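Trainee: Provided herewith: structure29.pdb, PDB, C-alpha atoms, pLDDT in the B column.
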MODEL        1
ATOM      1  CA  MET A  23       1.255   1.828  -6.639  1.00 59.00           C
ATOM      2  CA  TRP A  24       2.413  -1.455  -5.124  1.00 65.00           C
ATOM      3  CA  LYS A  25       0.028  -4.404  -5.211  1.00 67.00           C
ATOM      4  CA  PRO A  26       0.318  -7.661  -3.239  1.00 65.00           C
ATOM      5  CA  ALA A  27       2.003 -10.492  -5.135  1.00 64.00           C
ATOM      6  CA  LYS A  28      -0.584 -13.018  -3.987  1.00 62.00           C
ATOM      7  CA  PRO A  29      -4.213 -12.580  -4.929  1.00 54.00           C
ATOM      8  CA  LEU A  30      -6.345 -11.432  -2.033  1.00 54.00           C
ATOM      9  CA  THR A  31      -8.381 -14.104  -0.282  1.00 58.00           C
ATOM     10  CA  LYS A  32     -11.908 -13.562   0.957  1.00 56.00           C
ATOM     11  CA  PHE A  33     -10.378 -12.808   4.363  1.00 59.00           C
ATOM     12  CA  ASP A  34      -8.147 -10.078   2.882  1.00 61.00           C
ATOM     13  CA  ALA A  35     -10.726  -8.529   0.580  1.00 64.00           C
ATOM     14  CA  ASP A  36     -11.478  -5.613   2.888  1.00 73.00           C
ATOM     15  CA  ILE A  37      -7.875  -4.762   3.820  1.00 79.00           C
ATOM     16  CA  ALA A  38      -6.606  -1.384   2.647  1.00 83.00           C
ATOM     17  CA  ILE A  39      -3.549  -1.342   0.374  1.00 82.00           C
ATOM     18  CA  GLU A  40      -1.651   0.580   3.048  1.00 86.00           C
ATOM     19  CA  ASP A  41      -2.341  -2.127   5.634  1.00 87.00           C
ATOM     20  CA  ALA A  42      -1.371  -4.836   3.154  1.00 85.00           C
ATOM     21  CA  TRP A  43       1.904  -2.977   2.488  1.00 88.00           C
ATOM     22  CA  ILE A  44       2.660  -2.664   6.222  1.00 90.00           C
ATOM     23  CA  ASN A  45       1.930  -6.364   6.791  1.00 88.00           C
ATOM     24  CA  GLU A  46       4.125  -7.431   3.868  1.00 89.00           C
ATOM     25  CA  PHE A  47       6.946  -5.143   5.044  1.00 92.00           C
ATOM     26  CA  ALA A  48       6.726  -6.594   8.570  1.00 92.00           C
ATOM     27  CA  ARG A  49       6.774 -10.204   7.317  1.00 90.00           C
ATOM     28  CA  SER A  50       9.779  -9.483   5.118  1.00 92.00           C
ATOM     29  CA  TYR A  51      11.651  -7.626   7.865  1.00 93.00           C
ATOM     30  CA  TYR A  52      11.070 -10.475  10.334  1.00 91.00           C
ATOM     31  CA  GLU A  53      12.389 -12.974   7.771  1.00 92.00           C
ATOM     32  CA  LEU A  54      15.503 -10.881   7.180  1.00 92.00           C
ATOM     33  CA  CYS A  55      16.305 -10.588  10.892  1.00 89.00           C
ATOM     34  CA  GLU A  56      15.255 -14.188  11.556  1.00 87.00           C
ATOM     35  CA  GLY A  57      12.504 -13.094  13.927  1.00 82.00           C
ATOM     36  CA  ARG A  58      14.829 -11.212  16.281  1.00 85.00           C
ATOM     37  CA  ALA A  59      13.000  -7.890  16.043  1.00 85.00           C
ATOM     38  CA  ASP A  60      10.565  -6.271  18.410  1.00 88.00           C
ATOM     39  CA  HIS A  61       7.002  -6.305  17.070  1.00 89.00           C
ATOM     40  CA  GLU A  62       6.331  -2.676  17.992  1.00 92.00           C
ATOM     41  CA  PHE A  63       9.619  -1.542  16.411  1.00 91.00           C
ATOM     42  CA  VAL A  64       8.905  -3.316  13.126  1.00 92.00           C
ATOM     43  CA  TYR A  65       5.354  -2.044  12.806  1.00 92.00           C
ATOM     44  CA  GLY A  66       6.400   1.459  13.898  1.00 93.00           C
ATOM     45  CA  LEU A  67       9.127   1.432  11.254  1.00 92.00           C
ATOM     46  CA  ALA A  68       6.642   0.190   8.650  1.00 93.00           C
ATOM     47  CA  GLU A  69       4.189   2.955   9.488  1.00 92.00           C
ATOM     48  CA  LYS A  70       6.916   5.595   9.134  1.00 92.00           C
ATOM     49  CA  LEU A  71       8.179   4.194   5.818  1.00 92.00           C
ATOM     50  CA  MET A  72       4.830   3.388   4.222  1.00 89.00           C
ATOM     51  CA  PRO A  73       3.929   6.942   3.073  1.00 89.00           C
ATOM     52  CA  ILE A  74       7.136   7.210   1.054  1.00 86.00           C
ATOM     53  CA  GLY A  75       7.463   3.519   0.196  1.00 83.00           C
ATOM     54  CA  VAL A  76       3.921   2.539  -0.748  1.00 82.00           C
ATOM     55  CA  THR A  77       4.791   2.765  -4.453  1.00 87.00           C
ATOM     56  CA  VAL A  78       7.738   0.380  -3.934  1.00 90.00           C
ATOM     57  CA  ASP A  79       7.718  -3.330  -3.194  1.00 91.00           C
ATOM     58  CA  PRO A  80       7.697  -3.583   0.632  1.00 91.00           C
ATOM     59  CA  ARG A  81      10.142  -6.509   0.476  1.00 92.00           C
ATOM     60  CA  LYS A  82      12.702  -4.207  -1.151  1.00 93.00           C
ATOM     61  CA  VAL A  83      12.028  -1.485   1.422  1.00 94.00           C
ATOM     62  CA  ALA A  84      12.494  -4.075   4.200  1.00 94.00           C
ATOM     63  CA  GLU A  85      15.885  -5.049   2.732  1.00 94.00           C
ATOM     64  CA  LEU A  86      16.979  -1.416   2.649  1.00 93.00           C
ATOM     65  CA  ALA A  87      15.657  -0.763   6.169  1.00 92.00           C
ATOM     66  CA  MET A  88      17.553  -3.791   7.477  1.00 91.00           C
ATOM     67  CA  ILE A  89      20.792  -2.452   6.004  1.00 89.00           C
ATOM     68  CA  LEU A  90      20.204   1.012   7.458  1.00 86.00           C
ATOM     69  CA  VAL A  91      19.211  -0.214  10.923  1.00 84.00           C
ATOM     70  CA  SER A  92      22.246  -2.481  11.170  1.00 80.00           C
ATOM     71  CA  PHE A  93      24.711   0.167   9.892  1.00 73.00           C
ATOM     72  CA  GLU A  94      27.400   1.226  12.353  1.00 70.00           C
ATOM     73  CA  MET A  95      29.231   4.485  12.055  1.00 65.00           C
ATOM     74  CA  PRO A  96      32.990   4.024  11.682  1.00 72.00           C
ATOM     75  CA  GLY A  97      34.697   4.222  15.047  1.00 73.00           C
ATOM     76  CA  GLU A  98      31.481   3.692  17.003  1.00 66.00           C
ATOM     77  CA  GLY A  99      31.243  -0.110  16.862  1.00 58.00           C
TER      78      GLY A  99
ENDMDL
END
The structure given in the file should be rewritten as structure tokens.
Mentor:
Amino acid sequence: MWKPAKPLTKFDADIAIEDAWINEFARSYYELCEGRADHEFVYGLAEKLMPIGVTVDPRKVAELAMILVSFEMPGEG
């Protein structure tokens, strides 16, 4: 199971691991796309990927998602 890299603060103490994963994924995805992503899209994507990605570092999942979302099929670009 993935665990946050930073120790939880008193403000984060009650956050579920799933929510922490989604937040970390979203932060990483925004960094990768330099903030040019729709908030609802990023969090929707995180919610879809979290059940299968919760055991993996969300930063790695964000990198993979960025590659997949930006992929263009040959002849369609």
Trainee: Using all atoms listed in the file, pick whichever of A:Ala38, A:Val64, A:Val76, A:Lys70 has the shortest atom-to-atom distance to A:Tyr51.
Mentor: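 Between A:Ala38, A:Val64, A:Val76, A:Lys70, the residue approaching A:Tyr51 most closely is A:Val64.
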Trainee: Report as AutoDock Vina command-line options the centre and the edge lengths, in Å to one decimal, of the axis-aligned box holding every listed atom of stretch 77-88 of chain A, padded by 4 Å on each side.
Mentor:
--center_x 11.2 --center_y -1.9 --center_z 1.5 --size_x 20.8 --size_y 17.3 --size_z 19.9
Trainee: Which residues are close to A:Tyr65, i.e. within 8 Å by all atoms listed in the file, leaving aside same-chain residues fewer than 3 positions away? Reply as a PyMOL selection string.
Mentor: chain A and resi 44+48+61-62+68-69
Trainee: Taking into account only C-alpha atoms, which residue in the set A:Asp41, A:Glu46, A:Asp36, A:Glu94 is nearest to A:Lys82?
Mentor: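 Smallest distance to A:Lys82 is found for A:Glu46.
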Trainee: Could you jot down the atom CA of A:Thr77 to atom CA of A:Trp43 separation for me, Å, one decimal place?
Mentor: 9.5 Å
Trainee: Complete the atom set of stretch 80-95 of chain A to N, CA and C atoms and return it as a PDB file, keeping the file's coordinate frame.
Mentor:
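Final output, saved to result-v2.pdb:
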ATOM      1  N   PRO A  80       7.316  -3.644  -0.780  1.00 91.00           N
ATOM      2  CA  PRO A  80       7.697  -3.583   0.632  1.00 91.00           C
ATOM      3  C   PRO A  80       8.833  -4.527   0.993  1.00 91.00           C
ATOM      4  N   ARG A  81       9.016  -5.590   0.221  1.00 92.00           N
ATOM      5  CA  ARG A  81      10.142  -6.509   0.476  1.00 92.00           C
ATOM      6  C   ARG A  81      11.470  -5.806   0.189  1.00 92.00           C
ATOM      7  N   LYS A  82      11.491  -4.977  -0.834  1.00 93.00           N
ATOM      8  CA  LYS A  82      12.702  -4.207  -1.151  1.00 93.00           C
ATOM      9  C   LYS A  82      12.955  -3.136  -0.089  1.00 93.00           C
ATOM     10  N   VAL A  83      11.890  -2.499   0.374  1.00 94.00           N
ATOM     11  CA  VAL A  83      12.028  -1.485   1.422  1.00 94.00           C
ATOM     12  C   VAL A  83      12.517  -2.141   2.712  1.00 94.00           C
ATOM     13  N   ALA A  84      12.038  -3.352   3.011  1.00 94.00           N
ATOM     14  CA  ALA A  84      12.494  -4.075   4.200  1.00 94.00           C
ATOM     15  C   ALA A  84      13.986  -4.388   4.108  1.00 94.00           C
ATOM     16  N   GLU A  85      14.451  -4.780   2.920  1.00 94.00           N
ATOM     17  CA  GLU A  85      15.885  -5.049   2.732  1.00 94.00           C
ATOM     18  C   GLU A  85      16.707  -3.793   3.001  1.00 94.00           C
ATOM     19  N   LEU A  86      16.274  -2.680   2.457  1.00 93.00           N
ATOM     20  CA  LEU A  86      16.979  -1.416   2.649  1.00 93.00           C
ATOM     21  C   LEU A  86      16.943  -0.997   4.119  1.00 93.00           C
ATOM     22  N   ALA A  87      15.782  -1.124   4.754  1.00 92.00           N
ATOM     23  CA  ALA A  87      15.657  -0.763   6.169  1.00 92.00           C
ATOM     24  C   ALA A  87      16.575  -1.621   7.031  1.00 92.00           C
ATOM     25  N   MET A  88      16.683  -2.896   6.711  1.00 91.00           N
ATOM     26  CA  MET A  88      17.553  -3.791   7.477  1.00 91.00           C
ATOM     27  C   MET A  88      19.008  -3.339   7.376  1.00 91.00           C
ATOM     28  N   ILE A  89      19.423  -2.947   6.199  1.00 89.00           N
ATOM     29  CA  ILE A  89      20.792  -2.452   6.004  1.00 89.00           C
ATOM     30  C   ILE A  89      21.007  -1.178   6.817  1.00 89.00           C
ATOM     31  N   LEU A  90      20.059  -0.261   6.750  1.00 86.00           N
ATOM     32  CA  LEU A  90      20.204   1.012   7.458  1.00 86.00           C
ATOM     33  C   LEU A  90      20.177   0.843   8.974  1.00 86.00           C
ATOM     34  N   VAL A  91      19.316  -0.007   9.476  1.00 84.00           N
ATOM     35  CA  VAL A  91      19.211  -0.214  10.923  1.00 84.00           C
ATOM     36  C   VAL A  91      20.457  -0.900  11.475  1.00 84.00           C
ATOM     37  N   SER A  92      21.074  -1.762  10.677  1.00 80.00           N
ATOM     38  CA  SER A  92      22.246  -2.481  11.170  1.00 80.00           C
ATOM     39  C   SER A  92      23.558  -1.755  10.876  1.00 80.00           C
ATOM     40  N   PHE A  93      23.498  -0.599  10.218  1.00 73.00           N
ATOM     41  CA  PHE A  93      24.711   0.167   9.892  1.00 73.00           C
ATOM     42  C   PHE A  93      25.349   0.740  11.155  1.00 73.00           C
ATOM     43  N   GLU A  94      26.657   0.629  11.243  1.00 70.00           N
ATOM     44  CA  GLU A  94      27.400   1.226  12.353  1.00 70.00           C
ATOM     45  C   GLU A  94      28.323   2.293  11.807  1.00 70.00           C
ATOM     46  N   MET A  95      28.329   3.423  12.450  1.00 65.00           N
ATOM     47  CA  MET A  95      29.231   4.485  12.055  1.00 65.00           C
ATOM     48  C   MET A  95      30.666   4.057  12.336  1.00 65.00           C
TER      49      MET A  95
END
